[in-house]
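Taking it in order: structure first as structure tokens, then the write-up.
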Amino acid sequence: MRVLILLAIFALYSTSLSAQQLRIYFIDVDQADATLIISPSGQTLLVDSGKNGHGSRISAVMQAAGVTQIDHFVVTHYHEDHFGGIDDLVNSGVTVVNAYDRSDKLCCLKPAKRAQVTFVDYEAAVGSTAEHLTRGETIPLDPAMTVTVVASGGVVLGEFDPPQHAGDENDMSLGLLITHGNFHFWVGGDVENPTEKKIADMDLVMDIDLYQANHHGAENGSLLGFLEDMSPTVIIISNGSNQTYDHPRQTTLTRMQGLTPAPVIFQTNKYLGGDARGGNVNDQFIADPQTTDADGTITLTVDSGAGTYVLSYGAQSHSFNIKTRTTADVVIESLLPNPTSDADRIAETVTLRNDEATAVPMAGWMLRDTGGRVWALTSLGTIAAGMSATIQRNGMPMSLNNTDPETIELLDQGGRVVDSFSYQGTQPNVAIQTTH
Ligand SMILES: [Zn+2]
């Protein structure tokens, strides 16, 4: 009896413990992507859904994880290996509450593509009501986390919409930066070099913990400058053994392995195609070395309080430390919500001041409005000690309300709110001094 009570207490304790941790499942969907994120409060975000018929693989992982619905579902782009399984999942009775995609179906998808059965199934399951995410928007997954759209349709944070989008479907993928405390994670579907170069040039994604390799470890993904900016501790590649693509490419693995410090690289499956351009990490770091079955799901559990995360599959378990980050004392000095130029979308400004005794780099910092939209502050570069710097909206998504009440928050590179300011109304061309 006493043993039973102790067991019951332990079971309760371990349940509540795991419920407070962030979990990420890199689901074995062969040559495809399906990443399930379960927030500390139990909210779910599914990024991509594997290939046609893979809904059962996702629901099996959901069942094992103890979740029954998808609160947020993101399709990174319109290729079947990223949206194919969602109709199976929905038809099996799983509710998808909010769906998001990269939009522009009419402008950028050929009619023949839109008529394909898999795409019609996607539209019927969630696509027709999916919300279109643009760079700078955020997904409200959990108050203890941030999910920020860094790239969408080939356009990145801080960049104007170009007259024409990139055009390449892979490179138009939604790219997300997901944070929980100091833990930073990038997932970007099949984003390729052109978008990666823009992200690297603007220092939008710096010093992360975990990189889900873009485009299954393809040759034209994981640009060196992008990798160097991120300097990830861990890289996870979601791949199968496809003999057309030969992913992951050996040249890409070599580029990743050459980083300093060298990341630890994992694959869901082993490439068995035999072509010299395909490659593999050591079997010990491949979740499903046989590749023929579906047991290659990699599970990651993040304990932000302890500053560690554990990656596991089969009988393997690997533990890592979350990168440490320090908070700097930067404040919102003033805002100009209502420029008389009457071009608020361009001319609104916010001025920040660095109250530290040392310079503070703004890479990864953001401003966020009441609606959850953001401005990237990376373009401010470094603010010298005691100095101020002004950022202009230039088409970025966050808006400074003119008449409705507004709260503007300043977030550091770790996603923490370091300052905030609320106001009720504005006067034309008058900057609001916050007195911070
Ligand atoms: Zn893909």
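Residue numbering restarts at 1 in every chain; chains get A, B, ... in the order shown in the structure tokens, and ligands count up from 1 in that same order.
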
- Which chains and residue numbers are within 8 Å of ligand 1, counting only C-alpha atoms and all ligand atoms, if I want them as a VMD selection string? chain A and resid 31 to 33 79 to 82 170 189 to 190 215 to 216

- Message: Can you pull out every residue from segment 168-317 of chain A that DSSP, working from the backbone, puts in helix (DSSP H, G or I), and format the result as a ChimeraX atom specification?
- Response: /A:170-172,193-201,214-217,224-230,250-257,283-285

Restrict the selected residues to C-alpha atoms and save them as a PDB file, in the first residue's frame.
ATOM      1  CA  ASN A 170      11.528  26.096 -51.375  1.00  0.00           C
ATOM      2  CA  ASP A 171      13.070  29.499 -50.742  1.00  0.00           C
ATOM      3  CA  MET A 172       9.623  30.968 -50.017  1.00  0.00           C
ATOM      4  CA  ASN A 193      20.668  30.223 -49.883  1.00  0.00           C
ATOM      5  CA  PRO A 194      19.059  33.493 -51.130  1.00  0.00           C
ATOM      6  CA  THR A 195      16.894  33.886 -48.013  1.00  0.00           C
ATOM      7  CA  GLU A 196      19.634  32.513 -45.742  1.00  0.00           C
ATOM      8  CA  LYS A 197      22.037  35.134 -47.118  1.00  0.00           C
ATOM      9  CA  LYS A 198      19.604  37.959 -46.334  1.00  0.00           C
ATOM     10  CA  ILE A 199      19.112  36.621 -42.791  1.00  0.00           C
ATOM     11  CA  ALA A 200      22.883  36.350 -42.348  1.00  0.00           C
ATOM     12  CA  ASP A 201      23.572  39.817 -43.804  1.00  0.00           C
ATOM     13  CA  ASN A 214      16.984  23.747 -43.869  1.00  0.00           C
ATOM     14  CA  HIS A 215      15.852  21.654 -46.844  1.00  0.00           C
ATOM     15  CA  HIS A 216      16.774  18.259 -45.344  1.00  0.00           C
ATOM     16  CA  GLY A 217      20.513  19.030 -45.465  1.00  0.00           C
ATOM     17  CA  LEU A 224      28.248  29.069 -44.388  1.00  0.00           C
ATOM     18  CA  GLY A 225      27.532  32.656 -43.210  1.00  0.00           C
ATOM     19  CA  PHE A 226      24.086  31.610 -41.987  1.00  0.00           C
ATOM     20  CA  LEU A 227      25.613  28.675 -40.091  1.00  0.00           C
ATOM     21  CA  GLU A 228      28.358  30.879 -38.596  1.00  0.00           C
ATOM     22  CA  ASP A 229      25.789  33.415 -37.331  1.00  0.00           C
ATOM     23  CA  MET A 230      23.699  30.717 -35.706  1.00  0.00           C
ATOM     24  CA  GLN A 250      28.216  15.348 -47.918  1.00  0.00           C
ATOM     25  CA  THR A 251      29.358  18.893 -48.787  1.00  0.00           C
ATOM     26  CA  THR A 252      26.687  20.296 -46.460  1.00  0.00           C
ATOM     27  CA  LEU A 253      27.641  17.921 -43.640  1.00  0.00           C
ATOM     28  CA  THR A 254      31.293  18.909 -44.122  1.00  0.00           C
ATOM     29  CA  ARG A 255      30.349  22.613 -43.969  1.00  0.00           C
ATOM     30  CA  MET A 256      28.437  22.016 -40.728  1.00  0.00           C
ATOM     31  CA  GLN A 257      31.222  19.895 -39.211  1.00  0.00           C
ATOM     32  CA  ASP A 283      25.263   5.520 -37.107  1.00  0.00           C
ATOM     33  CA  GLN A 284      25.268   6.343 -33.389  1.00  0.00           C
ATOM     34  CA  PHE A 285      23.800   9.772 -34.274  1.00  0.00           C
TER      35      PHE A 285
END

Pull the closest atom pair for each residue of segment 378-402 of chain A that gets at most 8 Å from segment 363-366 of chain A, along with the distance in Å to one decimal, counting only C-alpha atoms, ordering rows by chain and then ascending residue number, as CSV.
residue,atom,partner,partner_atom,distance
A:Thr378,CA,A:Ala363,CA,4.2
A:Ser379,CA,A:Ala363,CA,7.6
A:Gly381,CA,A:Ala363,CA,6.9

- Task: Please provide the set of residues having any atom within 12 Å of Ile383 of chain A, restricted to only C-alpha atoms, with same-chain residues fewer than 6 positions apart removed, written as a PyMOL selection string.
- Result: chain A and resi 328-331+351-363+365+377+389-391

Please write the residues from the selection above to a file, keeping N, CA and C atoms, as a short mmCIF file (atom, residue, chain, number, x, y, z; two decimals), in the first residue's frame.
data_model
loop_
_atom_site.label_atom_id
_atom_site.label_comp_id
_atom_site.auth_asym_id
_atom_site.auth_seq_id
_atom_site.Cartn_x
_atom_site.Cartn_y
_atom_site.Cartn_z
N ALA A 328 20.75 43.22 -21.10
CA ALA A 328 21.34 44.56 -21.06
C ALA A 328 20.26 45.59 -20.71
N ASP A 329 20.69 46.71 -20.14
CA ASP A 329 19.76 47.76 -19.73
C ASP A 329 19.58 48.76 -20.87
N VAL A 330 18.64 48.44 -21.75
CA VAL A 330 18.29 49.34 -22.86
C VAL A 330 16.82 49.71 -22.68
N VAL A 331 16.47 50.99 -22.87
CA VAL A 331 15.10 51.44 -22.62
C VAL A 331 14.50 52.11 -23.85
N THR A 351 12.78 55.51 -30.52
CA THR A 351 14.16 55.78 -30.12
C THR A 351 14.49 55.00 -28.85
N LEU A 352 15.61 54.31 -28.87
CA LEU A 352 16.06 53.53 -27.72
C LEU A 352 17.31 54.18 -27.13
N ARG A 353 17.56 53.93 -25.85
CA ARG A 353 18.78 54.44 -25.23
C ARG A 353 19.46 53.32 -24.46
N ASN A 354 20.76 53.24 -24.62
CA ASN A 354 21.55 52.23 -23.93
C ASN A 354 22.09 52.80 -22.63
N ASP A 355 21.56 52.32 -21.50
CA ASP A 355 22.00 52.81 -20.19
C ASP A 355 23.14 51.97 -19.60
N GLU A 356 23.65 51.05 -20.39
CA GLU A 356 24.78 50.24 -19.93
C GLU A 356 26.08 51.04 -20.00
N ALA A 357 27.09 50.55 -19.31
CA ALA A 357 28.41 51.19 -19.38
C ALA A 357 29.20 50.69 -20.59
N THR A 358 28.65 49.73 -21.29
CA THR A 358 29.32 49.18 -22.48
C THR A 358 28.35 49.18 -23.66
N ALA A 359 28.88 49.05 -24.87
CA ALA A 359 28.05 49.00 -26.07
C ALA A 359 27.19 47.73 -26.07
N VAL A 360 26.00 47.86 -26.67
CA VAL A 360 25.10 46.70 -26.73
C VAL A 360 24.73 46.42 -28.19
N PRO A 361 25.07 45.24 -28.70
CA PRO A 361 24.64 44.88 -30.06
C PRO A 361 23.15 44.56 -30.09
N MET A 362 22.46 45.07 -31.09
CA MET A 362 21.00 44.92 -31.17
C MET A 362 20.57 43.69 -31.97
N ALA A 363 21.53 42.89 -32.40
CA ALA A 363 21.20 41.69 -33.18
C ALA A 363 20.21 40.82 -32.40
N TRP A 365 17.33 41.66 -31.21
CA TRP A 365 16.38 42.42 -30.39
C TRP A 365 15.16 42.81 -31.23
N LEU A 377 15.36 44.88 -34.70
CA LEU A 377 16.24 46.00 -34.37
C LEU A 377 17.68 45.76 -34.80
N ALA A 389 19.54 55.57 -30.22
CA ALA A 389 19.46 55.20 -31.65
C ALA A 389 18.00 55.11 -32.03
N THR A 390 17.69 55.56 -33.22
CA THR A 390 16.30 55.61 -33.68
C THR A 390 16.09 54.65 -34.84
N ILE A 391 15.03 53.87 -34.73
CA ILE A 391 14.67 52.96 -35.82
C ILE A 391 13.39 53.46 -36.48
#
